[in-house]
$ cat coords37.tsv   # TSV, N, CA and C atoms
chain	number	residue	atom	x	y	z
A	1	MET	N	-0.48	-17.86	14.82
A	1	MET	CA	-0.27	-17.16	13.56
A	1	MET	C	0.99	-16.29	13.68
A	2	THR	N	1.76	-16.23	12.62
A	2	THR	CA	2.97	-15.40	12.61
A	2	THR	C	2.59	-13.92	12.55
A	3	LYS	N	3.57	-13.08	12.85
A	3	LYS	CA	3.34	-11.64	12.75
A	3	LYS	C	3.00	-11.26	11.32
A	4	SER	N	3.74	-11.81	10.36
A	4	SER	CA	3.44	-11.47	8.96
A	4	SER	C	2.07	-12.01	8.56
A	5	GLY	N	1.68	-13.16	9.08
A	5	GLY	CA	0.37	-13.71	8.77
A	5	GLY	C	-0.75	-12.83	9.28
A	6	SER	N	-0.60	-12.34	10.49
A	6	SER	CA	-1.60	-11.45	11.07
A	6	SER	C	-1.67	-10.13	10.30
A	7	LEU	N	-0.51	-9.57	9.97
A	7	LEU	CA	-0.49	-8.33	9.20
A	7	LEU	C	-1.03	-8.53	7.79
A	8	ARG	N	-0.76	-9.70	7.22
A	8	ARG	CA	-1.29	-10.00	5.87
A	8	ARG	C	-2.81	-10.01	5.91
A	9	THR	N	-3.39	-10.62	6.93
A	9	THR	CA	-4.84	-10.64	7.07
A	9	THR	C	-5.40	-9.23	7.17
A	10	ASP	N	-4.79	-8.41	8.00
A	10	ASP	CA	-5.24	-7.02	8.15
A	10	ASP	C	-5.08	-6.25	6.83
A	11	PHE	N	-3.96	-6.46	6.15
A	11	PHE	CA	-3.69	-5.80	4.88
A	11	PHE	C	-4.72	-6.22	3.84
A	12	THR	N	-5.02	-7.50	3.79
A	12	THR	CA	-6.02	-8.01	2.84
A	12	THR	C	-7.38	-7.36	3.07
A	13	ARG	N	-7.77	-7.24	4.32
A	13	ARG	CA	-9.05	-6.59	4.65
A	13	ARG	C	-9.03	-5.11	4.26
A	14	ALA	N	-7.92	-4.44	4.53
A	14	ALA	CA	-7.82	-3.01	4.19
A	14	ALA	C	-7.90	-2.81	2.68
A	15	VAL	N	-7.25	-3.67	1.93
A	15	VAL	CA	-7.30	-3.58	0.47
A	15	VAL	C	-8.73	-3.80	-0.03
A	16	ALA	N	-9.43	-4.74	0.57
A	16	ALA	CA	-10.83	-4.98	0.19
A	16	ALA	C	-11.68	-3.74	0.47
A	17	ARG	N	-11.42	-3.08	1.58
A	17	ARG	CA	-12.17	-1.86	1.93
A	17	ARG	C	-11.84	-0.73	0.96
A	18	LEU	N	-10.59	-0.61	0.56
A	18	LEU	CA	-10.21	0.38	-0.43
A	18	LEU	C	-10.90	0.09	-1.75
A	19	ASP	N	-10.92	-1.16	-2.13
A	19	ASP	CA	-11.59	-1.57	-3.36
A	19	ASP	C	-13.08	-1.20	-3.33
A	20	GLU	N	-13.72	-1.38	-2.19
A	20	GLU	CA	-15.13	-0.99	-2.04
A	20	GLU	C	-15.31	0.50	-2.31
A	21	ALA	N	-14.44	1.31	-1.75
A	21	ALA	CA	-14.54	2.77	-1.93
A	21	ALA	C	-14.33	3.15	-3.39
A	22	LEU	N	-13.37	2.50	-4.04
A	22	LEU	CA	-13.08	2.83	-5.44
A	22	LEU	C	-14.19	2.37	-6.39
A	23	ALA	N	-15.02	1.44	-5.95
A	23	ALA	CA	-16.11	0.96	-6.80
A	23	ALA	C	-17.31	1.91	-6.80
A	24	LEU	N	-17.33	2.85	-5.87
A	24	LEU	CA	-18.44	3.81	-5.78
A	24	LEU	C	-18.24	4.96	-6.74
A	25	PRO	N	-19.34	5.59	-7.16
A	25	PRO	CA	-19.20	6.79	-8.00
A	25	PRO	C	-18.45	7.89	-7.24
A	26	LYS	N	-17.55	8.53	-7.92
A	26	LYS	CA	-16.70	9.53	-7.26
A	26	LYS	C	-17.49	10.80	-6.91
A	27	ASP	N	-17.34	11.19	-5.66
A	27	ASP	CA	-17.73	12.50	-5.19
A	27	ASP	C	-16.73	12.86	-4.10
A	28	ALA	N	-16.85	14.01	-3.50
A	28	ALA	CA	-15.85	14.45	-2.52
A	28	ALA	C	-15.75	13.50	-1.33
A	29	ILE	N	-16.88	12.98	-0.88
A	29	ILE	CA	-16.86	12.07	0.27
A	29	ILE	C	-16.22	10.74	-0.09
A	30	VAL	N	-16.57	10.20	-1.24
A	30	VAL	CA	-15.98	8.93	-1.69
A	30	VAL	C	-14.48	9.11	-1.91
A	31	ARG	N	-14.10	10.21	-2.55
A	31	ARG	CA	-12.67	10.47	-2.79
A	31	ARG	C	-11.91	10.51	-1.47
A	32	ASP	N	-12.42	11.28	-0.51
A	32	ASP	CA	-11.73	11.41	0.77
A	32	ASP	C	-11.70	10.09	1.53
A	33	SER	N	-12.77	9.32	1.43
A	33	SER	CA	-12.82	8.00	2.07
A	33	SER	C	-11.80	7.07	1.43
A	34	ALA	N	-11.73	7.08	0.11
A	34	ALA	CA	-10.77	6.22	-0.59
A	34	ALA	C	-9.34	6.60	-0.22
A	35	ILE	N	-9.06	7.89	-0.11
A	35	ILE	CA	-7.72	8.33	0.27
A	35	ILE	C	-7.38	7.85	1.68
A	36	GLN	N	-8.33	7.96	2.60
A	36	GLN	CA	-8.09	7.48	3.97
A	36	GLN	C	-7.85	5.96	3.97
A	37	ARG	N	-8.62	5.25	3.19
A	37	ARG	CA	-8.43	3.79	3.11
A	37	ARG	C	-7.10	3.44	2.45
A	38	PHE	N	-6.67	4.27	1.51
A	38	PHE	CA	-5.34	4.08	0.92
A	38	PHE	C	-4.27	4.25	1.99
A	39	GLN	N	-4.39	5.27	2.82
A	39	GLN	CA	-3.40	5.49	3.88
A	39	GLN	C	-3.30	4.26	4.78
A	40	ILE	N	-4.43	3.72	5.18
A	40	ILE	CA	-4.44	2.54	6.03
A	40	ILE	C	-3.82	1.36	5.29
A	41	SER	N	-4.21	1.16	4.04
A	41	SER	CA	-3.67	0.04	3.25
A	41	SER	C	-2.16	0.17	3.08
A	42	PHE	N	-1.69	1.39	2.81
A	42	PHE	CA	-0.27	1.62	2.63
A	42	PHE	C	0.50	1.26	3.90
A	43	GLU	N	0.03	1.74	5.04
A	43	GLU	CA	0.72	1.46	6.31
A	43	GLU	C	0.78	-0.04	6.58
A	44	LEU	N	-0.34	-0.73	6.36
A	44	LEU	CA	-0.35	-2.17	6.55
A	44	LEU	C	0.52	-2.88	5.52
A	45	CYS	N	0.57	-2.37	4.31
A	45	CYS	CA	1.39	-2.95	3.25
A	45	CYS	C	2.85	-3.01	3.66
A	46	TRP	N	3.40	-1.86	4.03
A	46	TRP	CA	4.83	-1.88	4.31
A	46	TRP	C	5.15	-2.59	5.62
A	47	LYS	N	4.24	-2.54	6.59
A	47	LYS	CA	4.49	-3.26	7.85
A	47	LYS	C	4.39	-4.77	7.64
A	48	PHE	N	3.45	-5.19	6.80
A	48	PHE	CA	3.38	-6.61	6.43
A	48	PHE	C	4.65	-7.01	5.69
A	49	LEU	N	5.05	-6.20	4.74
A	49	LEU	CA	6.25	-6.50	3.96
A	49	LEU	C	7.48	-6.60	4.85
A	50	LYS	N	7.60	-5.72	5.81
A	50	LYS	CA	8.71	-5.74	6.77
A	50	LYS	C	8.75	-7.07	7.52
A	51	ALA	N	7.60	-7.48	8.07
A	51	ALA	CA	7.53	-8.74	8.81
A	51	ALA	C	7.79	-9.93	7.89
A	52	TYR	N	7.24	-9.90	6.70
A	52	TYR	CA	7.42	-10.99	5.74
A	52	TYR	C	8.89	-11.13	5.35
A	53	LEU	N	9.54	-10.02	5.06
A	53	LEU	CA	10.96	-10.07	4.69
A	53	LEU	C	11.81	-10.60	5.83
A	54	GLU	N	11.50	-10.22	7.05
A	54	GLU	CA	12.25	-10.71	8.20
A	54	GLU	C	12.07	-12.21	8.37
A	55	GLU	N	10.83	-12.67	8.25
A	55	GLU	CA	10.53	-14.09	8.48
A	55	GLU	C	10.95	-14.99	7.34
A	56	GLU	N	10.74	-14.55	6.11
A	56	GLU	CA	10.97	-15.42	4.96
A	56	GLU	C	12.32	-15.24	4.29
A	57	HIS	N	12.94	-14.08	4.44
A	57	HIS	CA	14.18	-13.79	3.72
A	57	HIS	C	15.32	-13.31	4.62
A	58	ASN	N	15.07	-13.30	5.93
A	58	ASN	CA	16.08	-12.84	6.89
A	58	ASN	C	16.64	-11.47	6.49
A	59	ALA	N	15.76	-10.62	6.00
A	59	ALA	CA	16.14	-9.27	5.57
A	59	ALA	C	15.44	-8.28	6.50
A	60	SER	N	16.10	-7.16	6.72
A	60	SER	CA	15.48	-6.16	7.58
A	60	SER	C	15.34	-4.83	6.85
A	61	CYS	N	14.33	-4.07	7.28
A	61	CYS	CA	14.09	-2.75	6.73
A	61	CYS	C	13.39	-1.93	7.81
A	62	THR	N	13.49	-0.63	7.68
A	62	THR	CA	12.96	0.22	8.74
A	62	THR	C	11.99	1.29	8.27
A	63	SER	N	11.76	1.38	6.98
A	63	SER	CA	10.85	2.39	6.44
A	63	SER	C	10.20	1.80	5.19
A	64	PRO	N	9.14	2.45	4.71
A	64	PRO	CA	8.52	1.93	3.48
A	64	PRO	C	9.51	1.82	2.32
A	65	ARG	N	10.29	2.87	2.09
A	65	ARG	CA	11.23	2.82	0.97
A	65	ARG	C	12.24	1.69	1.11
A	66	THR	N	12.80	1.52	2.30
A	66	THR	CA	13.79	0.45	2.47
A	66	THR	C	13.14	-0.92	2.35
A	67	CYS	N	11.88	-1.04	2.79
A	67	CYS	CA	11.18	-2.33	2.65
A	67	CYS	C	10.91	-2.64	1.18
A	68	PHE	N	10.49	-1.63	0.42
A	68	PHE	CA	10.26	-1.86	-1.01
A	68	PHE	C	11.56	-2.24	-1.70
A	69	ARG	N	12.65	-1.58	-1.36
A	69	ARG	CA	13.94	-1.92	-1.96
A	69	ARG	C	14.38	-3.33	-1.60
A	70	GLU	N	14.19	-3.72	-0.34
A	70	GLU	CA	14.54	-5.09	0.07
A	70	GLU	C	13.65	-6.10	-0.65
A	71	ALA	N	12.40	-5.77	-0.83
A	71	ALA	CA	11.49	-6.67	-1.55
A	71	ALA	C	11.92	-6.83	-3.00
A	72	PHE	N	12.41	-5.73	-3.63
A	72	PHE	CA	12.96	-5.83	-5.00
A	72	PHE	C	14.12	-6.82	-4.99
A	73	LYS	N	15.06	-6.59	-4.06
A	73	LYS	CA	16.28	-7.40	-4.00
A	73	LYS	C	15.97	-8.88	-3.79
A	74	ASN	N	14.92	-9.16	-3.03
A	74	ASN	CA	14.58	-10.54	-2.71
A	74	ASN	C	13.55	-11.15	-3.65
A	75	GLY	N	13.19	-10.44	-4.71
A	75	GLY	CA	12.29	-10.97	-5.72
A	75	GLY	C	10.84	-11.11	-5.27
A	76	VAL	N	10.45	-10.40	-4.23
A	76	VAL	CA	9.07	-10.47	-3.75
A	76	VAL	C	8.16	-9.62	-4.62
A	77	ILE	N	8.64	-8.45	-5.02
A	77	ILE	CA	7.89	-7.56	-5.91
A	77	ILE	C	8.79	-7.16	-7.06
A	78	GLU	N	8.17	-6.72	-8.14
A	78	GLU	CA	8.94	-6.28	-9.30
A	78	GLU	C	9.65	-4.98	-9.01
A	79	ASP	N	10.79	-4.79	-9.65
A	79	ASP	CA	11.54	-3.53	-9.52
A	79	ASP	C	10.80	-2.48	-10.33
A	80	ASP	N	9.88	-1.83	-9.68
A	80	ASP	CA	8.94	-0.92	-10.32
A	80	ASP	C	8.94	0.40	-9.57
A	81	PRO	N	9.23	1.51	-10.22
A	81	PRO	CA	9.30	2.79	-9.52
A	81	PRO	C	7.97	3.23	-8.89
A	82	PHE	N	6.87	2.60	-9.30
A	82	PHE	CA	5.59	2.99	-8.71
A	82	PHE	C	5.54	2.67	-7.22
A	83	TRP	N	6.28	1.66	-6.78
A	83	TRP	CA	6.31	1.35	-5.34
A	83	TRP	C	6.83	2.55	-4.56
A	84	ILE	N	7.85	3.22	-5.08
A	84	ILE	CA	8.37	4.41	-4.41
A	84	ILE	C	7.37	5.56	-4.55
A	85	GLU	N	6.70	5.64	-5.69
A	85	GLU	CA	5.67	6.67	-5.87
A	85	GLU	C	4.55	6.50	-4.84
A	86	LEU	N	4.26	5.25	-4.46
A	86	LEU	CA	3.26	5.04	-3.42
A	86	LEU	C	3.63	5.78	-2.14
A	87	THR	N	4.91	5.77	-1.81
A	87	THR	CA	5.38	6.49	-0.62
A	87	THR	C	5.13	7.99	-0.77
A	88	VAL	N	5.39	8.50	-1.95
A	88	VAL	CA	5.17	9.92	-2.22
A	88	VAL	C	3.67	10.24	-2.10
A	89	LEU	N	2.83	9.40	-2.70
A	89	LEU	CA	1.39	9.61	-2.62
A	89	LEU	C	0.92	9.61	-1.16
A	90	ARG	N	1.41	8.66	-0.41
A	90	ARG	CA	1.03	8.59	1.00
A	90	ARG	C	1.47	9.86	1.73
A	91	ASN	N	2.68	10.33	1.45
A	91	ASN	CA	3.16	11.55	2.09
A	91	ASN	C	2.31	12.76	1.70
A	92	TYR	N	1.87	12.81	0.47
A	92	TYR	CA	0.97	13.89	0.05
A	92	TYR	C	-0.28	13.91	0.91
A	93	THR	N	-0.82	12.74	1.17
A	93	THR	CA	-2.09	12.68	1.90
A	93	THR	C	-1.94	13.04	3.37
A	94	VAL	N	-0.75	12.92	3.90
A	94	VAL	CA	-0.52	13.17	5.32
A	94	VAL	C	-0.09	14.61	5.58
A	95	HIS	N	0.72	15.16	4.71
A	95	HIS	CA	1.36	16.44	5.02
A	95	HIS	C	0.71	17.67	4.42
A	96	THR	N	-0.13	17.48	3.43
A	96	THR	CA	-0.78	18.63	2.82
A	96	THR	C	-2.13	18.20	2.28
A	97	TYR	N	-3.03	19.14	2.16
A	97	TYR	CA	-4.33	18.79	1.63
A	97	TYR	C	-4.90	19.95	0.82
A	98	ASN	N	-5.24	19.66	-0.42
A	98	ASN	CA	-6.00	20.58	-1.24
A	98	ASN	C	-6.75	19.75	-2.27
A	99	GLU	N	-7.77	20.33	-2.86
A	99	GLU	CA	-8.65	19.60	-3.77
A	99	GLU	C	-7.89	19.00	-4.96
A	100	GLN	N	-7.01	19.78	-5.56
A	100	GLN	CA	-6.28	19.31	-6.74
A	100	GLN	C	-5.38	18.13	-6.38
A	101	LEU	N	-4.70	18.22	-5.27
A	101	LEU	CA	-3.83	17.13	-4.82
A	101	LEU	C	-4.66	15.90	-4.46
A	102	ALA	N	-5.79	16.10	-3.82
A	102	ALA	CA	-6.66	14.97	-3.48
A	102	ALA	C	-7.14	14.26	-4.74
A	103	ASP	N	-7.50	15.02	-5.76
A	103	ASP	CA	-7.92	14.41	-7.02
A	103	ASP	C	-6.78	13.64	-7.67
A	104	TYR	N	-5.57	14.19	-7.62
A	104	TYR	CA	-4.41	13.51	-8.19
A	104	TYR	C	-4.17	12.17	-7.48
A	105	VAL	N	-4.18	12.18	-6.16
A	105	VAL	CA	-3.97	10.95	-5.39
A	105	VAL	C	-5.07	9.95	-5.72
A	106	TYR	N	-6.30	10.40	-5.70
A	106	TYR	CA	-7.43	9.51	-5.99
A	106	TYR	C	-7.27	8.84	-7.36
A	107	ASP	N	-6.85	9.61	-8.34
A	107	ASP	CA	-6.69	9.07	-9.69
A	107	ASP	C	-5.60	8.00	-9.76
A	108	ARG	N	-4.65	8.00	-8.84
A	108	ARG	CA	-3.56	7.02	-8.82
A	108	ARG	C	-3.93	5.76	-8.03
A	109	LEU	N	-5.04	5.80	-7.30
A	109	LEU	CA	-5.39	4.67	-6.43
A	109	LEU	C	-5.66	3.35	-7.16
A	110	PRO	N	-6.28	3.34	-8.34
A	110	PRO	CA	-6.42	2.04	-9.03
A	110	PRO	C	-5.07	1.38	-9.31
A	111	GLU	N	-4.07	2.18	-9.63
A	111	GLU	CA	-2.72	1.62	-9.85
A	111	GLU	C	-2.15	1.10	-8.54
A	112	ALA	N	-2.39	1.80	-7.46
A	112	ALA	CA	-1.95	1.32	-6.14
A	112	ALA	C	-2.61	-0.02	-5.83
A	113	MET	N	-3.88	-0.15	-6.13
A	113	MET	CA	-4.59	-1.40	-5.89
A	113	MET	C	-3.95	-2.55	-6.65
A	114	ARG	N	-3.53	-2.31	-7.89
A	114	ARG	CA	-2.87	-3.37	-8.67
A	114	ARG	C	-1.59	-3.83	-7.97
A	115	ARG	N	-0.83	-2.90	-7.43
A	115	ARG	CA	0.41	-3.26	-6.73
A	115	ARG	C	0.11	-4.00	-5.43
A	116	PHE	N	-0.88	-3.54	-4.69
A	116	PHE	CA	-1.24	-4.22	-3.44
A	116	PHE	C	-1.68	-5.66	-3.73
A	117	ARG	N	-2.49	-5.84	-4.77
A	117	ARG	CA	-2.94	-7.20	-5.12
A	117	ARG	C	-1.77	-8.07	-5.57
A	118	ALA	N	-0.84	-7.48	-6.33
A	118	ALA	CA	0.33	-8.23	-6.78
A	118	ALA	C	1.16	-8.70	-5.58
A	119	LEU	N	1.33	-7.83	-4.60
A	119	LEU	CA	2.08	-8.21	-3.40
A	119	LEU	C	1.38	-9.34	-2.67
A	120	LEU	N	0.08	-9.23	-2.52
A	120	LEU	CA	-0.66	-10.30	-1.83
A	120	LEU	C	-0.53	-11.62	-2.58
A	121	ALA	N	-0.61	-11.58	-3.91
A	121	ALA	CA	-0.48	-12.81	-4.70
A	121	ALA	C	0.93	-13.40	-4.60
A	122	ALA	N	1.93	-12.54	-4.52
A	122	ALA	CA	3.32	-13.00	-4.48
A	122	ALA	C	3.70	-13.59	-3.13
A	123	THR	N	2.91	-13.32	-2.10
A	123	THR	CA	3.28	-13.75	-0.76
A	123	THR	C	2.33	-14.83	-0.20
A	124	LEU	N	1.64	-15.51	-1.09
A	124	LEU	CA	0.75	-16.60	-0.64
A	124	LEU	C	1.53	-17.74	-0.05
$ encode --input "coords37.tsv" --output "structure tokens"
Amino acid sequence: MTKSGSLRTDFTRAVARLDEALALPKDAIVRDSAIQRFQISFELCWKFLKAYLEEEHNASCTSPRTCFREAFKNGVIEDDPFWIELTVLRNYTVHTYNEQLADYVYDRLPEAMRRFRALLAATL
């Protein structure tokens, strides 16, 4: 299996786990669990994208933002500013924590799921 194939499998599983958390009624534990699963999904997303771009498009990137930009350029994902917002959301979850911010991030997770699913569909 290729590196991108292995990462795609891991990413697919992480997205499924995030989806499970989002399907539960929201409370503080579910919210925090969903945010943690988002962090894992995000990390696997950009690492998968990095490997995919290298293997399929001979393009290189070194960070989530540069990978999303390369994916725009190569037609893998739509030129959508929400991809960059995903990076901001991920940074919020890592560098600071408060209830209001956690609720904001949680509320954006269904949109993140749509982007993750779109990426998986585009890279079949």
$ atom_distance --input "coords37.tsv" --atom1 "atom N of Asp10 of chain A" --atom2 "atom N of Leu44 of chain A"
9.0 Å
$ atom_distance --input "coords37.tsv" --atom1 "atom CA of Glu70 of chain A" --atom2 "atom N of Tyr104 of chain A"
28.9 Å
$ closest_residue --input "coords37.tsv" --among "A:Ala21, A:Thr93, A:Lys50, A:Leu86" --to "Thr66 of chain A" --atoms "only N, CA and C atoms"
A:Lys50
$ atom_distance --input "coords37.tsv" --atom1 "atom CA of Cys45 of chain A" --atom2 "atom C of Gln100 of chain A"
24.1 Å
$ residues_around --input "coords37.tsv" --residues "Glu78 of chain A" --least-positions-apart "6" --cutoff "8 Å" --atoms "all atoms listed in the file" --output "PDB file with N, CA and C atoms, in the frame of the given file"
ATOM      1  N   ALA A  71      12.400  -5.770  -0.830  1.00  0.00           N
ATOM      2  CA  ALA A  71      11.490  -6.670  -1.550  1.00  0.00           C
ATOM      3  C   ALA A  71      11.920  -6.830  -3.000  1.00  0.00           C
ATOM      4  N   PHE A  72      12.410  -5.730  -3.630  1.00  0.00           N
ATOM      5  CA  PHE A  72      12.960  -5.830  -5.000  1.00  0.00           C
ATOM      6  C   PHE A  72      14.120  -6.820  -4.990  1.00  0.00           C
ATOM      7  N   ALA A 118      -0.840  -7.480  -6.330  1.00  0.00           N
ATOM      8  CA  ALA A 118       0.330  -8.230  -6.780  1.00  0.00           C
ATOM      9  C   ALA A 118       1.160  -8.700  -5.580  1.00  0.00           C
ATOM     10  N   LEU A 119       1.330  -7.830  -4.600  1.00  0.00           N
ATOM     11  CA  LEU A 119       2.080  -8.210  -3.400  1.00  0.00           C
ATOM     12  C   LEU A 119       1.380  -9.340  -2.670  1.00  0.00           C
TER      13      LEU A 119
END
$ closest_residue --input "coords37.tsv" --among "A:Leu101, A:Ser41, A:Leu22, A:Phe68" --to "Ile84 of chain A" --atoms "only N, CA and C atoms"
A:Phe68
$ residues_around --input "coords37.tsv" --residues "Val94 of chain A" --least-positions-apart "5" --cutoff "8 Å" --atoms "all atoms listed in the file" --output "MDAnalysis selection string"
chainID A and resid 39 88:89
$ closest_residue --input "coords37.tsv" --among "A:His95, A:Met113, A:Cys67, A:Asp107" --to "Lys26 of chain A" --atoms "only C-alpha atoms"
A:Asp107
$ closest_residue --input "coords37.tsv" --among "A:Val15, A:Arg8, A:Ala28, A:Thr2" --to "Arg117 of chain A" --atoms "only C-alpha atoms"
A:Val15
$ select_by_dssp --input "coords37.tsv" --residues "segment 22-116 of chain A" --states "helix (DSSP H, G or I)" --output "ChimeraX atom specification"
/A:22-23,28-57,64-73,82-95,99-116
$ closest_residue --input "coords37.tsv" --among "A:Tyr106, A:Ala112, A:Tyr52, A:Tyr92" --to "Ala34 of chain A" --atoms "only C-alpha atoms"
A:Tyr106
$ closest_residue --input "coords37.tsv" --among "A:Thr123, A:Glu56, A:Glu43, A:Tyr97" --to "Phe11 of chain A" --atoms "all atoms listed in the file"
A:Glu43
